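Below: structure-v1.txt (compact mmCIF, C-alpha atoms)
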# COMPACT_ATOMS: atom_id res chain seq x y z
CA MET A 1 -6.48 -6.74 21.03
CA THR A 2 -2.98 -7.12 19.52
CA ALA A 3 -4.42 -7.69 16.05
CA THR A 4 -6.88 -4.79 16.34
CA LEU A 5 -4.16 -2.37 17.40
CA LEU A 6 -1.85 -3.50 14.61
CA ILE A 7 -4.68 -3.14 12.08
CA ALA A 8 -5.37 0.42 13.21
CA VAL A 9 -1.65 1.32 12.97
CA ALA A 10 -1.23 -0.38 9.57
CA VAL A 11 -4.28 1.32 8.02
CA PHE A 12 -3.34 4.70 9.52
CA GLY A 13 0.21 4.43 8.15
CA ALA A 14 -0.83 3.21 4.70
CA CYS A 15 -3.45 5.93 4.41
CA ALA A 16 -0.96 8.60 5.57
CA VAL A 17 1.60 7.56 2.91
CA GLU A 18 -0.96 7.66 0.11
CA MET A 19 -2.50 10.89 1.46
CA VAL A 20 0.87 12.67 1.29
CA GLU A 21 1.21 11.67 -2.36
CA ALA A 22 -2.38 12.73 -3.18
CA LEU A 23 -2.00 15.99 -1.26
CA THR A 24 1.04 16.95 -3.35
CA ILE A 25 -1.11 16.77 -6.49
CA VAL A 26 -4.08 18.58 -4.92
CA LEU A 27 -1.82 21.39 -3.65
CA ALA A 28 -0.23 21.84 -7.09
CA ALA A 29 -3.69 21.84 -8.72
CA GLY A 30 -5.13 24.23 -6.11
CA LEU A 31 -2.32 26.76 -6.34
CA THR A 32 -2.16 26.79 -10.14
CA ARG A 33 -5.78 26.18 -11.21
CA GLY A 34 -7.79 27.53 -8.26
CA TRP A 35 -8.87 25.91 -4.99
CA ARG A 36 -12.53 25.46 -5.83
CA SER A 37 -11.94 23.04 -8.72
CA ALA A 38 -9.11 21.22 -6.94
CA LEU A 39 -11.11 20.70 -3.74
CA GLU A 40 -14.24 19.64 -5.65
CA GLY A 41 -12.18 17.06 -7.57
CA ALA A 42 -10.57 15.75 -4.39
CA GLY A 43 -13.91 15.71 -2.54
CA LEU A 44 -15.70 13.77 -5.27
CA ALA A 45 -12.87 11.20 -5.41
CA ALA A 46 -12.97 10.76 -1.63
CA LEU A 47 -16.76 10.34 -1.77
CA LEU A 48 -16.50 7.67 -4.49
CA LEU A 49 -13.85 5.78 -2.51
CA ALA A 50 -16.07 5.87 0.60
CA VAL A 51 -18.98 4.50 -1.46
CA VAL A 52 -16.76 1.63 -2.70
CA VAL A 53 -15.86 0.70 0.91
CA ALA A 54 -19.45 1.07 2.13
CA THR A 55 -20.91 -1.12 -0.62
CA LEU A 56 -18.16 -3.73 -1.11
CA GLY A 57 -17.33 -4.25 2.57
CA PRO A 58 -20.66 -5.53 3.96
CA THR A 59 -21.40 -7.42 0.72
CA LEU A 60 -18.14 -9.38 0.82
CA ILE A 61 -18.58 -10.20 4.52
CA HIS A 62 -21.99 -11.78 3.93
CA VAL A 63 -21.35 -13.48 0.59
CA VAL A 64 -17.83 -14.94 0.75
CA PRO A 65 -16.92 -17.69 3.30
CA ILE A 66 -14.32 -16.44 5.80
CA ALA A 67 -11.68 -19.10 4.93
CA ALA A 68 -11.80 -18.25 1.21
CA LEU A 69 -11.84 -14.55 2.05
CA ARG A 70 -8.71 -14.95 4.17
CA VAL A 71 -6.79 -16.76 1.42
CA VAL A 72 -7.68 -14.10 -1.17
CA VAL A 73 -7.19 -11.18 1.22
CA GLY A 74 -3.99 -12.67 2.66
CA SER A 75 -2.56 -13.17 -0.83
CA LEU A 76 -3.40 -9.60 -1.83
CA LEU A 77 -1.89 -8.24 1.40
CA LEU A 78 1.24 -10.35 0.91
CA ILE A 79 1.75 -9.16 -2.67
CA LEU A 80 1.06 -5.49 -1.84
CA GLY A 81 3.11 -5.64 1.37
CA LEU A 82 6.08 -7.30 -0.31
CA GLN A 83 5.96 -4.68 -3.09
CA TRP A 84 6.00 -1.84 -0.51
CA LEU A 85 8.69 -3.49 1.59
CA ARG A 86 10.92 -4.19 -1.43
CA LYS A 87 10.59 -0.58 -2.61
CA ALA A 88 11.30 0.83 0.87
CA ILE A 89 14.35 -1.43 1.38
CA LEU A 90 15.82 -0.49 -2.01
CA ARG A 91 15.22 3.22 -1.28
CA ALA A 92 16.59 3.04 2.28
CA SER A 93 19.76 1.31 1.07
CA GLY A 94 20.32 3.81 -1.75
CA HIS A 95 19.71 1.41 -4.62
CA THR A 96 16.77 3.41 -5.99
CA PRO A 97 16.10 7.16 -5.54
CA ARG A 98 13.79 8.18 -2.71
CA HIS A 99 10.31 9.55 -3.41
CA ASP A 100 10.83 13.32 -3.58
CA GLU A 101 7.52 15.11 -2.92
CA ASP A 102 9.14 18.54 -3.49
CA ALA A 103 10.36 17.52 -6.95
CA ILE A 104 6.95 16.05 -7.82
CA TYR A 105 5.27 19.23 -6.55
CA ARG A 106 7.57 21.46 -8.65
CA ARG A 107 7.02 19.31 -11.75
CA GLU A 108 3.21 19.30 -11.36
CA TYR A 109 3.18 23.04 -10.60
CA ALA A 110 5.16 23.86 -13.77
CA ARG A 111 3.08 21.51 -15.91
CA LEU A 112 -0.28 22.84 -14.67
CA SER A 113 0.81 26.49 -14.90
CA GLY A 114 1.49 26.01 -18.62
CA ILE A 115 -2.05 24.85 -19.46
CA PRO A 116 -4.37 27.76 -20.41
CA ARG A 117 -7.58 28.15 -18.36
CA SER A 118 -10.88 27.35 -20.06
CA GLY A 119 -12.82 30.27 -18.52
CA SER A 120 -13.47 32.21 -15.34
CA GLY A 121 -15.67 29.55 -13.65
CA ARG A 122 -14.71 25.98 -12.69
CA ASP A 123 -11.40 24.78 -14.10
CA ALA A 124 -11.73 21.35 -15.74
CA THR A 125 -7.97 20.66 -15.63
CA GLY A 126 -7.69 21.38 -11.91
CA PHE A 127 -10.76 19.27 -11.19
CA VAL A 128 -9.63 16.25 -13.24
CA ILE A 129 -6.00 16.30 -12.03
CA SER A 130 -7.11 16.57 -8.41
CA PHE A 131 -9.79 13.87 -8.83
CA LYS A 132 -7.39 11.43 -10.51
CA GLY A 133 -4.67 12.04 -7.93
CA VAL A 134 -6.92 11.35 -4.95
CA PHE A 135 -8.83 8.48 -6.59
CA LEU A 136 -5.79 6.56 -7.84
CA GLU A 137 -3.79 6.98 -4.62
CA GLY A 138 -6.92 6.17 -2.64
CA LEU A 139 -7.58 2.86 -4.41
CA GLU A 140 -4.68 1.21 -2.59
CA VAL A 141 -5.99 2.56 0.71
CA VAL A 142 -9.45 1.17 -0.07
CA MET A 143 -7.88 -2.21 -0.77
CA ILE A 144 -5.96 -2.12 2.50
CA VAL A 145 -9.01 -0.97 4.50
CA LEU A 146 -11.19 -3.70 2.98
CA THR A 147 -8.65 -6.52 3.25
CA LEU A 148 -7.52 -5.77 6.81
CA GLY A 149 -11.01 -4.84 7.99
CA LEU A 150 -12.79 -7.84 6.48
CA SER A 151 -10.27 -10.51 7.53
CA SER A 152 -10.24 -9.34 11.12
CA GLY A 153 -13.95 -8.63 11.27
CA ARG A 154 -13.07 -5.08 12.34
CA LEU A 155 -14.00 -3.04 9.27
CA ASP A 156 -15.11 -0.27 11.66
CA VAL A 157 -11.59 0.02 13.13
CA ALA A 158 -10.00 0.06 9.66
CA VAL A 159 -12.40 2.77 8.41
CA LEU A 160 -11.87 4.91 11.53
CA ALA A 161 -8.07 4.62 11.26
CA ALA A 162 -8.20 5.65 7.58
CA ALA A 163 -10.48 8.60 8.40
CA ALA A 164 -8.11 9.67 11.20
CA ALA A 165 -5.16 9.58 8.80
CA VAL A 166 -7.03 11.66 6.21
CA LEU A 167 -7.85 14.19 8.94
CA VAL A 168 -4.32 14.35 10.39
CA VAL A 169 -2.42 14.46 7.08
CA GLY A 170 -5.01 16.79 5.51
CA THR A 171 -4.73 19.24 8.41
CA ALA A 172 -0.93 19.02 8.51
CA GLY A 173 -0.78 19.47 4.74
CA ALA A 174 -3.01 22.52 4.86
CA LEU A 175 -0.85 24.06 7.61
CA LEU A 176 2.56 23.11 6.25
CA ALA A 177 1.52 23.43 2.60
CA ARG A 178 4.67 22.84 0.60
CA GLN A 179 6.80 21.06 3.20
CA LEU A 180 5.56 17.58 2.43
CA SER A 181 9.13 16.40 1.93
CA GLU A 182 9.48 16.60 5.74
CA VAL A 183 7.20 13.57 6.10
CA PRO A 184 9.35 10.44 6.57
CA GLU A 185 7.56 8.72 3.71
CA ASN A 186 10.04 5.87 3.23
CA ALA A 187 10.10 4.95 6.93
CA LEU A 188 6.28 4.92 6.93
CA LYS A 189 6.26 2.79 3.80
CA LEU A 190 8.69 0.32 5.35
CA GLY A 191 6.65 0.08 8.56
CA VAL A 192 3.35 -0.37 6.75
CA GLY A 193 4.93 -2.88 4.34
CA LEU A 194 6.09 -4.93 7.33
CA MET A 195 2.60 -4.96 8.82
CA LEU A 196 0.91 -5.85 5.54
CA VAL A 197 3.31 -8.78 5.01
CA THR A 198 2.73 -9.87 8.62
CA PHE A 199 -1.07 -9.85 8.31
CA GLY A 200 -0.89 -11.33 4.82
CA THR A 201 1.18 -14.30 6.04
CA PHE A 202 -1.06 -14.78 9.09
CA TRP A 203 -4.41 -14.72 7.29
CA ALA A 204 -3.35 -16.48 4.11
CA GLY A 205 -1.76 -19.12 6.38
CA GLU A 206 -4.98 -19.53 8.38
CA GLY A 207 -6.92 -19.71 5.13
CA VAL A 208 -4.85 -22.65 3.82
CA GLY A 209 -5.04 -24.44 7.16
CA VAL A 210 -1.96 -23.35 9.13
CA SER A 211 -2.37 -23.36 12.94
CA TRP A 212 -0.27 -20.52 14.26
CA PRO A 213 1.34 -21.15 17.66
CA GLY A 214 0.03 -18.64 20.21
CA THR A 215 -2.74 -17.61 17.75
CA ASP A 216 -2.80 -13.74 17.63
CA LEU A 217 0.57 -13.52 19.42
CA ALA A 218 2.16 -15.11 16.35
CA LEU A 219 1.57 -11.75 14.65
CA LEU A 220 4.22 -10.17 16.88
CA GLY A 221 6.69 -12.98 16.12
CA LEU A 222 6.12 -12.60 12.37
CA LEU A 223 6.49 -8.82 12.62
CA ALA A 224 9.74 -9.15 14.54
CA ALA A 225 11.16 -11.71 12.10
CA TYR A 226 10.27 -9.67 9.02
CA GLY A 227 11.53 -6.47 10.68
CA ALA A 228 14.89 -8.04 11.54
CA ALA A 229 15.25 -9.46 8.03
CA SER A 230 14.47 -6.07 6.46
CA TRP A 231 17.02 -4.35 8.69
CA ILE A 232 19.68 -6.91 7.74
CA LEU A 233 18.80 -6.50 4.04
CA VAL A 234 19.11 -2.69 4.22
CA ALA A 235 22.46 -2.96 6.02
CA ALA A 236 23.78 -5.55 3.55
CA LEU A 237 22.65 -3.56 0.52
CA GLU A 238 24.03 -0.26 1.86
CA ARG A 239 27.51 -1.72 1.62
CA GLY A 240 26.93 -2.43 -2.07
CA ALA A 241 25.44 0.97 -3.03
CA ALA A 242 27.43 3.82 -4.61
CA PRO A 243 28.34 6.60 -2.07
CA GLY A 244 26.47 9.27 -4.07
CA GLU A 245 23.28 7.24 -3.96
CA LEU A 246 23.48 6.85 -0.19
CA ALA A 247 23.89 10.59 0.35
CA ALA A 248 20.79 11.37 -1.76
CA MET B 1 -15.82 5.96 -21.49
CA SER B 2 -17.27 2.87 -23.18
CA LEU B 3 -17.93 -0.37 -21.30
CA ASN B 4 -15.17 -2.06 -23.27
CA ALA B 5 -12.65 0.60 -22.27
CA ALA B 6 -13.78 0.45 -18.65
CA VAL B 7 -13.34 -3.34 -18.53
CA ARG B 8 -9.89 -3.02 -20.12
CA ALA B 9 -8.90 -0.31 -17.62
CA PHE B 10 -10.15 -2.49 -14.74
CA GLY B 11 -8.16 -5.47 -16.04
CA ARG B 12 -5.07 -3.31 -16.53
CA PHE B 13 -5.35 -2.01 -12.96
CA TRP B 14 -5.40 -5.55 -11.53
CA TRP B 15 -2.60 -6.76 -13.82
CA GLU B 16 -0.45 -3.79 -12.81
CA PHE B 17 -1.38 -4.25 -9.14
CA LEU B 18 -0.63 -7.97 -9.01
CA PHE B 19 2.33 -8.24 -11.38
CA GLY B 20 3.61 -4.78 -12.42
CA ASP B 21 7.41 -4.78 -12.43
CA THR B 22 7.63 -7.50 -9.75
CA PRO B 23 5.90 -10.55 -11.23
CA GLU B 24 8.11 -12.82 -9.12
CA LEU B 25 6.25 -11.69 -5.97
CA ALA B 26 2.78 -12.65 -7.23
CA VAL B 27 4.00 -15.97 -8.64
CA GLY B 28 6.05 -16.70 -5.52
CA VAL B 29 3.16 -15.93 -3.15
CA GLY B 30 0.94 -18.28 -5.17
CA LEU B 31 3.51 -21.07 -5.05
CA ALA B 32 4.23 -20.57 -1.33
CA LEU B 33 0.54 -20.69 -0.41
CA GLY B 34 -0.02 -23.72 -2.63
CA ALA B 35 2.84 -25.53 -0.88
CA GLY B 36 1.53 -24.31 2.49
CA TRP B 37 -1.92 -25.72 1.73
CA ALA B 38 -0.42 -29.10 0.74
CA LEU B 39 1.72 -29.28 3.88
CA ALA B 40 -1.15 -28.15 6.14
CA ALA B 41 -3.35 -30.86 4.60
CA LEU B 42 -0.72 -33.40 5.67
CA HIS B 43 -0.98 -31.98 9.21
CA LEU B 44 2.69 -30.93 9.26
CA ALA B 45 3.08 -28.45 12.12
CA LEU B 46 6.33 -27.28 10.53
CA VAL B 47 4.33 -25.33 7.95
CA ALA B 48 3.92 -22.50 10.51
CA ALA B 49 7.69 -21.94 10.23
CA LEU B 50 8.08 -22.81 6.55
CA LEU B 51 5.50 -20.31 5.25
CA PRO B 52 7.18 -17.21 6.79
CA LEU B 53 10.54 -18.60 5.65
CA ALA B 54 9.26 -18.85 2.07
CA VAL B 55 7.98 -15.25 2.28
CA LEU B 56 11.40 -14.10 3.53
CA LEU B 57 13.21 -15.91 0.72
CA LEU B 58 10.84 -14.31 -1.75
CA LEU B 59 11.58 -10.86 -0.35
CA VAL B 60 15.35 -11.40 -0.44
CA ALA B 61 15.21 -12.71 -4.03
CA SER B 62 13.06 -9.80 -5.23
CA VAL B 63 15.18 -7.16 -3.47
CA TRP B 64 18.32 -8.78 -4.86
CA ARG B 65 16.83 -8.65 -8.36
CA GLY B 66 15.96 -4.95 -7.93
CA ARG B 67 19.30 -3.75 -6.58
CA ALA B 68 21.41 -1.33 -8.59
CA PRO B 69 24.13 -3.04 -10.66
CA GLY B 70 27.67 -2.93 -9.26

Go ahead and render the structure in this file as structure tokens.
Amino acid sequence: MTATLLIAVAVFGACAVEMVEALTIVLAAGLTRGWRSALEGAGLAALLLAVVVATLGPTLIHVVPIAALRVVVGSLLLILGLQWLRKAILRASGHTPRHDEDAIYRREYARLSGIPRSGSGRDATGFVISFKGVFLEGLEVVMIVLTLGLSSGRLDVAVLAAAAAVLVVGTAGALLARQLSEVPENALKLGVGLMLVTFGTFWAGEGVGVSWPGTDLALLGLLAAYGAASWILVAALERGAAPGELAA
Amino acid sequence: MSLNAAVRAFGRFWWEFLFGDTPELAVGVGLALGAGWALAALHLALVAALLPLAVLLLLVASVWRGRAPG
């Protein structure tokens, strides 16, 4: 139960972060190149990603032994989670600039406005930009859905959580349009990074033969330990950052 | 897109995903799990504490490496 709930939250959060980034590109493409091409590009990318999950997921479950799967999946989750966590800690402490969706939106809008249209029908530029944006951002989500879903044997929960995030962020994005900077992207990234590192340690550990005390309850202990360490790291690094960087 | 280009793009994606600008994380995770496997094979219960500790050290080292100078 604990693991299933954490999986749903982790997938939802990861998908929401990537959706915000993809939505920025789709909005810029839609407003500059026309909505039809932008939505068709985004739709095709989403369809392809769903096909990847639907074909790879069941195949991997039946072909690869669970212990080997957990070592591979745990390693991937650990690497991806540590990358997210590192980035979020450095951003939160002011050592690297935060992800600015407004700035990215303005840059994409200006760039796409300068490209002449090919004709009155479908716009190839809008389609390709939108497709690439959704597909590339979505690949990480697919990896997270597959790794978390397969290791826990709850691919259905992972897929449903990802679909819910697409629905929620998509609806919010359509309503709020250009206020994506309001989304606390770094906090989400930090939270999801913590969960990915937690699951990665747990499953990779089980895969190499570690017996976790309390079985599933060890997940909460790992999450708490990593959370406390991240908080201490942010606090320690904040003292070393330049004042201007912290205000940004 | 030719098959050759597709294979190269696929390889580049995985290289960037695993190593990118933080190769120490991929290498460190590999080393930590290798050590974890060896310790678990020796039936050392301590490995349940050592593995998370290794992950934490890896995180601290990588964040420290990525901090702004000064």

TODO: Tell me which of A:Gly74, A:Gly191, A:Gly209, A:Gly138 sits closest to chain B, counting all atoms listed in the file.
DONE: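 That would be A:Gly209, the residue with the smallest distance to chain B.
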
Dump as a Markdown table the rows for residues of chain A within 6 Å of chain B: closest atom pair and distance in Å with one decimal, all atoms listed in the file counted, ordered by chain and rising residue number.
| residue | atom | partner | partner_atom | distance |
| --- | --- | --- | --- | --- |
| A:Ile79 | CA | B:Ala26 | CA | 5.8 |
| A:Arg86 | CA | B:Val63 | CA | 5.6 |
| A:His95 | CA | B:Ala68 | CA | 5.1 |
| A:Val208 | CA | B:Trp37 | CA | 4.7 |
| A:Gly209 | CA | B:Ala40 | CA | 5.5 |
| A:Val210 | CA | B:Ala40 | CA | 5.7 |
| A:Trp212 | CA | B:Ala48 | CA | 6.0 |

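If you look at atom CA of A:Ala172 and atom CA of A:Lys87, they are 25.3 Å away from each other.
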
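From atom CA of A:Val141 back to atom CA of A:Ala46, the distance works out to 11.0 Å.
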
note - atom CA of A:Val197 and atom CA of A:Leu78 are separated by 4.9 Å

task: Do a neighbour search on A:Thr4 at 8 Å with all atoms listed in the file, toss out local chain neighbours closer than 4 positions, and write the hits as a PyMOL selection string.
output: chain A and resi 8+152+154+157

Exercise. Between A:Ala229, A:Leu188, A:Leu150, A:Val20, single out the one closest to A:Ile61, counting all atoms listed in the file.
Key: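 Going through A:Ala229, A:Leu188, A:Leu150, A:Val20 one by one, the smallest distance to A:Ile61 is for A:Leu150.
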
Do you know which residues are at most 8 Å from stretch 47-58 of chain A counting all atoms listed in the file, after dropping those on the same chain fewer than 2 positions away, and could you put them as a compact mmCIF listing (two decimals) with C-alpha atoms, keeping the file's coordinate frame?
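What ended up in selection_17.txt:
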# COMPACT_ATOMS: atom_id res chain seq x y z
CA GLY A 43 -13.91 15.71 -2.54
CA LEU A 44 -15.70 13.77 -5.27
CA ALA A 45 -12.87 11.20 -5.41
CA LEU A 60 -18.14 -9.38 0.82
CA ILE A 61 -18.58 -10.20 4.52
CA HIS A 62 -21.99 -11.78 3.93
CA PHE A 135 -8.83 8.48 -6.59
CA GLY A 138 -6.92 6.17 -2.64
CA LEU A 139 -7.58 2.86 -4.41
CA VAL A 142 -9.45 1.17 -0.07
CA VAL A 145 -9.01 -0.97 4.50
CA LEU A 146 -11.19 -3.70 2.98
CA LEU A 150 -12.79 -7.84 6.48
CA LEU A 155 -14.00 -3.04 9.27

Inset, instruction - Would you mind listing what lies within 12 Å of stretch 24-26 of chain A as a VMD selection string, with all atoms listed in the file counted and same-chain residues fewer than 5 positions away left out? - result: chain A and resid 17 to 19 31 to 43 45 99 to 112 125 to 137 169 to 170 173 to 174 176 to 181 183

Practice prompt. Could you give me, as a list in words, the residues within 8 Å of A:Val72, counting only C-alpha atoms and dropping anything in the same chain fewer than 4 positions from it?
Written response: Ala68, Leu76 and Ala204 of chain A

inquiry  = For a quick check of understanding, using only C-alpha atoms, which of A:Leu69, A:Ala187, A:Ala92, A:Ala224 has the smallest distance to A:Ala236?
reply    =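 Checking each of A:Leu69, A:Ala187, A:Ala92, A:Ala224 against A:Ala236, counting only C-alpha atoms, the winner is A:Ala92.
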
Polymer residues at most 10 Å from A:Ala3, all atoms listed in the file, same-chain spacing of 3 or more positions, as a PDB file with C-alpha atoms, in the frame of the given file:
ATOM      1  CA  LEU A   6      -1.850  -3.500  14.610  1.00  0.00           C
ATOM      2  CA  ILE A   7      -4.680  -3.140  12.080  1.00  0.00           C
ATOM      3  CA  ALA A   8      -5.370   0.420  13.210  1.00  0.00           C
ATOM      4  CA  VAL A   9      -1.650   1.320  12.970  1.00  0.00           C
ATOM      5  CA  LEU A 148      -7.520  -5.770   6.810  1.00  0.00           C
ATOM      6  CA  SER A 152     -10.240  -9.340  11.120  1.00  0.00           C
ATOM      7  CA  ARG A 154     -13.070  -5.080  12.340  1.00  0.00           C
ATOM      8  CA  PHE A 199      -1.070  -9.850   8.310  1.00  0.00           C
ATOM      9  CA  ASP A 216      -2.800 -13.740  17.630  1.00  0.00           C
ATOM     10  CA  LEU A 217       0.570 -13.520  19.420  1.00  0.00           C
ATOM     11  CA  ALA A 218       2.160 -15.110  16.350  1.00  0.00           C
ATOM     12  CA  LEU A 219       1.570 -11.750  14.650  1.00  0.00           C
ATOM     13  CA  LEU A 220       4.220 -10.170  16.880  1.00  0.00           C
TER      14      LEU A 220
END
